[in-house]
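Just below is one structure, and these are the notes that go with it.
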Amino acid sequence: MDGEGQISGAGRCVVLVGPAGAGKTTIAHRLIAAQPADRAFSVSHTSRPMRAGERDGVDYWFVARDAFEALIAADAFVEWARVHDNLYGTTRAAIAHHLQAGRQVIFDIDIEGAGNIARAFPDRTDLVFVSPPSWQVLVRRLRARGSESDDRLRRRLCTARAELEAVLRQADAGVAWTAVVNDDLDRAVADVEALLCSPPGAHRMPDAERARLRGMGADAAADVRADSTDPAA
Ligand code: 5GP
């Protein structure tokens, strides 16, 4: 579910992937606040309803499903995906002017979208997995939000497990993923800043980090099934 990039400019795509509760949205906003003239958030379109506290055009462009489908038909998206029964996508219009102006564009998208951005913008994409310190911490953070039913919570955890396993598979296959542990927010932001001092895609995930994620994957596997459409009881 992707389209050709065809967007010129010296800008860079910084793609943050990670489970809800890992803190990628907070990290994205901190990165932009540090350099607002040179960085921008990629505001996705979504068909999901707006949540309390969200703003149209800031967090997402909220559109009806048929309007989203019309945008697909008009080839407006660089990438789009179905996540938890809703449609999400990045339009060319959302990012083109930033990339053409040489900005770093920060994406908060799922793993399928990340792969599509990396394919659309080879040589100028950083893939960053934002990881909680442990599976147990992730479960605790999501429970503490208290805003979702048990069923939804299980689905998010199933998706988290599937994404974690996919990142590991891709890293093992040589895809340039890096991982940032969000235990301490300042340190996590500093880790992404350090990454942005090197050319895009220059980093690989160290063996020790891969081993840590594998351990987290084992805890996830003991807790939930991988299929996000079929949550474990
Ligand atoms: P939420 O509904 O919690 O805001 O987001 C659900 C998931 O959709 C998250 O993993 C988020 O990163 C992902 N997502 C948000 N925007 C996009 C997008 O434009 N494309 C893709 N592929 N995923 C997105």
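Note on naming: chains are A, B, ... as they come in the structure tokens, residues start from 1 per chain, ligands start from 1 in the order shown.
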DSSP strand (DSSP E or B) residues within stretch 24-207 of chain A, listed as a VMD selection string: chain A and resid 39 to 41 44 to 46 56 60 to 62 77 to 83 86 to 91 104 to 108 125 to 131 177 to 181
Counting only C-alpha atoms and all ligand atoms, which residues in chain A sit no more than 7 Å from ligand 1? For each one, give the nearest pair of atoms and the distance in Å, sorted by chain then residue number, as CSV.
residue,atom,partner,partner_atom_place_in_ligand_line,distance
A:Val17,CA,ligand 1,12 (O),6.3
A:Gly18,CA,ligand 1,10 (O),6.7
A:Pro19,CA,ligand 1,10 (O),6.4
A:Ala20,CA,ligand 1,3 (O),6.3
A:Ser44,CA,ligand 1,19 (O),4.2
A:His45,CA,ligand 1,19 (O),6.1
A:Thr46,CA,ligand 1,16 (N),6.9
A:Arg48,CA,ligand 1,2 (O),6.8
A:Glu79,CA,ligand 1,20 (N),6.4
A:Trp80,CA,ligand 1,22 (N),5.0
A:Ala81,CA,ligand 1,22 (N),4.5
A:Val83,CA,ligand 1,8 (O),5.5
A:Tyr88,CA,ligand 1,18 (C),4.4
A:Gly89,CA,ligand 1,19 (O),3.3
A:Thr90,CA,ligand 1,19 (O),4.2
A:Asp108,CA,ligand 1,12 (O),4.5
A:Ile109,CA,ligand 1,12 (O),3.2
A:Asp110,CA,ligand 1,23 (N),4.1
A:Ile111,CA,ligand 1,22 (N),6.7
A:Glu112,CA,ligand 1,22 (N),5.6
A:Gly113,CA,ligand 1,22 (N),3.5
A:Ala114,CA,ligand 1,22 (N),6.8
Selected residue of minimal separation from A:Trp135 among A:Pro49, A:Gly23, A:Gly215, A:Pro36, counting only C-alpha atoms: A:Gly215
Close residues, A:Val192 itself excluded, 12 Å, only C-alpha atoms, min 4 positions apart in chain, as a VMD selection string: chain A and resid 14 to 16 24 27 to 28 30 to 32 34 106 126 to 130 178 to 182 185 to 188 196 to 198 200 203
Output N, CA and C atoms for every residue in that selection, as a PDB file, in the first residue's frame.
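Heads up, here's the output in selection34.pdb:
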ATOM      1  N   VAL A  14      12.577  10.648   9.310  1.00  0.00           N
ATOM      2  CA  VAL A  14      12.931  10.010  10.583  1.00  0.00           C
ATOM      3  C   VAL A  14      11.687   9.275  11.063  1.00  0.00           C
ATOM      4  N   VAL A  15      11.689   7.965  10.908  1.00  0.00           N
ATOM      5  CA  VAL A  15      10.480   7.182  11.140  1.00  0.00           C
ATOM      6  C   VAL A  15      10.541   6.515  12.508  1.00  0.00           C
ATOM      7  N   LEU A  16       9.622   6.916  13.386  1.00  0.00           N
ATOM      8  CA  LEU A  16       9.556   6.314  14.720  1.00  0.00           C
ATOM      9  C   LEU A  16       8.455   5.261  14.721  1.00  0.00           C
ATOM     10  N   LYS A  24       6.592   7.257  21.584  1.00  0.00           N
ATOM     11  CA  LYS A  24       7.138   7.825  20.339  1.00  0.00           C
ATOM     12  C   LYS A  24       6.545   9.196  20.027  1.00  0.00           C
ATOM     13  N   ILE A  27       8.424  11.718  22.078  1.00  0.00           N
ATOM     14  CA  ILE A  27       9.773  11.904  21.527  1.00  0.00           C
ATOM     15  C   ILE A  27       9.703  12.754  20.261  1.00  0.00           C
ATOM     16  N   ALA A  28       8.726  12.472  19.406  1.00  0.00           N
ATOM     17  CA  ALA A  28       8.583  13.241  18.162  1.00  0.00           C
ATOM     18  C   ALA A  28       8.408  14.729  18.480  1.00  0.00           C
ATOM     19  N   ARG A  30       9.254  16.362  21.177  1.00  0.00           N
ATOM     20  CA  ARG A  30      10.475  16.916  21.780  1.00  0.00           C
ATOM     21  C   ARG A  30      11.521  17.222  20.700  1.00  0.00           C
ATOM     22  N   LEU A  31      11.652  16.320  19.736  1.00  0.00           N
ATOM     23  CA  LEU A  31      12.632  16.539  18.656  1.00  0.00           C
ATOM     24  C   LEU A  31      12.282  17.804  17.879  1.00  0.00           C
ATOM     25  N   ILE A  32      11.005  17.976  17.595  1.00  0.00           N
ATOM     26  CA  ILE A  32      10.586  19.142  16.807  1.00  0.00           C
ATOM     27  C   ILE A  32      10.742  20.425  17.630  1.00  0.00           C
ATOM     28  N   ALA A  34      12.912  21.076  19.725  1.00  0.00           N
ATOM     29  CA  ALA A  34      14.342  21.428  19.817  1.00  0.00           C
ATOM     30  C   ALA A  34      14.817  22.192  18.582  1.00  0.00           C
ATOM     31  N   ILE A 106       9.510  14.031  10.860  1.00  0.00           N
ATOM     32  CA  ILE A 106       9.380  12.988  11.880  1.00  0.00           C
ATOM     33  C   ILE A 106       8.051  12.259  11.681  1.00  0.00           C
ATOM     34  N   ASP A 126      15.626   7.173   8.189  1.00  0.00           N
ATOM     35  CA  ASP A 126      16.095   6.502   9.402  1.00  0.00           C
ATOM     36  C   ASP A 126      14.923   5.736   9.999  1.00  0.00           C
ATOM     37  N   LEU A 127      15.139   4.459  10.295  1.00  0.00           N
ATOM     38  CA  LEU A 127      14.109   3.636  10.911  1.00  0.00           C
ATOM     39  C   LEU A 127      14.465   3.432  12.376  1.00  0.00           C
ATOM     40  N   VAL A 128      13.638   3.956  13.249  1.00  0.00           N
ATOM     41  CA  VAL A 128      13.956   3.925  14.685  1.00  0.00           C
ATOM     42  C   VAL A 128      12.840   3.194  15.431  1.00  0.00           C
ATOM     43  N   PHE A 129      13.191   2.117  16.100  1.00  0.00           N
ATOM     44  CA  PHE A 129      12.211   1.408  16.919  1.00  0.00           C
ATOM     45  C   PHE A 129      12.280   1.969  18.334  1.00  0.00           C
ATOM     46  N   VAL A 130      11.179   2.561  18.781  1.00  0.00           N
ATOM     47  CA  VAL A 130      11.121   3.109  20.139  1.00  0.00           C
ATOM     48  C   VAL A 130      10.577   2.017  21.052  1.00  0.00           C
ATOM     49  N   THR A 178      17.441   1.029  13.963  1.00  0.00           N
ATOM     50  CA  THR A 178      18.089   1.264  15.244  1.00  0.00           C
ATOM     51  C   THR A 178      16.991   1.205  16.305  1.00  0.00           C
ATOM     52  N   ALA A 179      17.400   0.998  17.536  1.00  0.00           N
ATOM     53  CA  ALA A 179      16.402   0.948  18.614  1.00  0.00           C
ATOM     54  C   ALA A 179      16.781   1.964  19.672  1.00  0.00           C
ATOM     55  N   VAL A 180      15.771   2.619  20.206  1.00  0.00           N
ATOM     56  CA  VAL A 180      15.968   3.578  21.285  1.00  0.00           C
ATOM     57  C   VAL A 180      15.081   3.130  22.437  1.00  0.00           C
ATOM     58  N   VAL A 181      15.675   2.946  23.601  1.00  0.00           N
ATOM     59  CA  VAL A 181      14.885   2.517  24.760  1.00  0.00           C
ATOM     60  C   VAL A 181      14.348   3.750  25.457  1.00  0.00           C
ATOM     61  N   ASN A 182      13.038   3.807  25.614  1.00  0.00           N
ATOM     62  CA  ASN A 182      12.462   4.961  26.306  1.00  0.00           C
ATOM     63  C   ASN A 182      12.212   4.614  27.777  1.00  0.00           C
ATOM     64  N   LEU A 185      13.177   9.723  29.288  1.00  0.00           N
ATOM     65  CA  LEU A 185      12.790  10.455  28.072  1.00  0.00           C
ATOM     66  C   LEU A 185      13.947  11.301  27.521  1.00  0.00           C
ATOM     67  N   ASP A 186      14.658  12.021  28.411  1.00  0.00           N
ATOM     68  CA  ASP A 186      15.774  12.871  27.952  1.00  0.00           C
ATOM     69  C   ASP A 186      16.817  12.038  27.217  1.00  0.00           C
ATOM     70  N   ARG A 187      17.086  10.859  27.783  1.00  0.00           N
ATOM     71  CA  ARG A 187      18.119  10.027  27.148  1.00  0.00           C
ATOM     72  C   ARG A 187      17.622   9.493  25.802  1.00  0.00           C
ATOM     73  N   ALA A 188      16.359   9.112  25.751  1.00  0.00           N
ATOM     74  CA  ALA A 188      15.817   8.601  24.487  1.00  0.00           C
ATOM     75  C   ALA A 188      15.887   9.680  23.401  1.00  0.00           C
ATOM     76  N   LEU A 196      20.808  11.459  14.395  1.00  0.00           N
ATOM     77  CA  LEU A 196      20.600  12.437  13.325  1.00  0.00           C
ATOM     78  C   LEU A 196      21.880  13.204  12.985  1.00  0.00           C
ATOM     79  N   CYS A 197      22.931  12.987  13.779  1.00  0.00           N
ATOM     80  CA  CYS A 197      24.233  13.593  13.450  1.00  0.00           C
ATOM     81  C   CYS A 197      24.973  12.774  12.394  1.00  0.00           C
ATOM     82  N   SER A 198      24.530  11.550  12.136  1.00  0.00           N
ATOM     83  CA  SER A 198      25.157  10.701  11.119  1.00  0.00           C
ATOM     84  C   SER A 198      24.295  10.699   9.869  1.00  0.00           C
ATOM     85  N   PRO A 200      21.773   9.478   6.973  1.00  0.00           N
ATOM     86  CA  PRO A 200      20.608   8.605   7.122  1.00  0.00           C
ATOM     87  C   PRO A 200      20.968   7.136   6.890  1.00  0.00           C
ATOM     88  N   HIS A 203      23.268   3.684  10.718  1.00  0.00           N
ATOM     89  CA  HIS A 203      23.375   2.857  11.926  1.00  0.00           C
ATOM     90  C   HIS A 203      22.780   1.467  11.731  1.00  0.00           C
TER      91      HIS A 203
END
Neighbour list for stretch 155-162 of chain A as a ChimeraX atom specification, cut-off 12 Å, only C-alpha atoms, skip fewer than 4 positions in-chain: /A:17-22,83-85,110-112,129-132,134-143,148-151,166-169,213-233
Interatomic distance (Å, one decimal) between atom CA of A:Arg124 and atom CA of A:Pro199: 8.0 Å
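Counting only C-alpha atoms and comparing A:Ala202, A:Ala40, A:Ala194, A:Ala74, the residue that lies closest to A:Cys13 is A:Ala40.
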Interatomic distance, atom CA of A:Gln35 to atom CA of A:Gly57 (Å, one decimal):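 Answer for the atom CA of A:Gln35 to atom CA of A:Gly57 separation: 20.0 Å.
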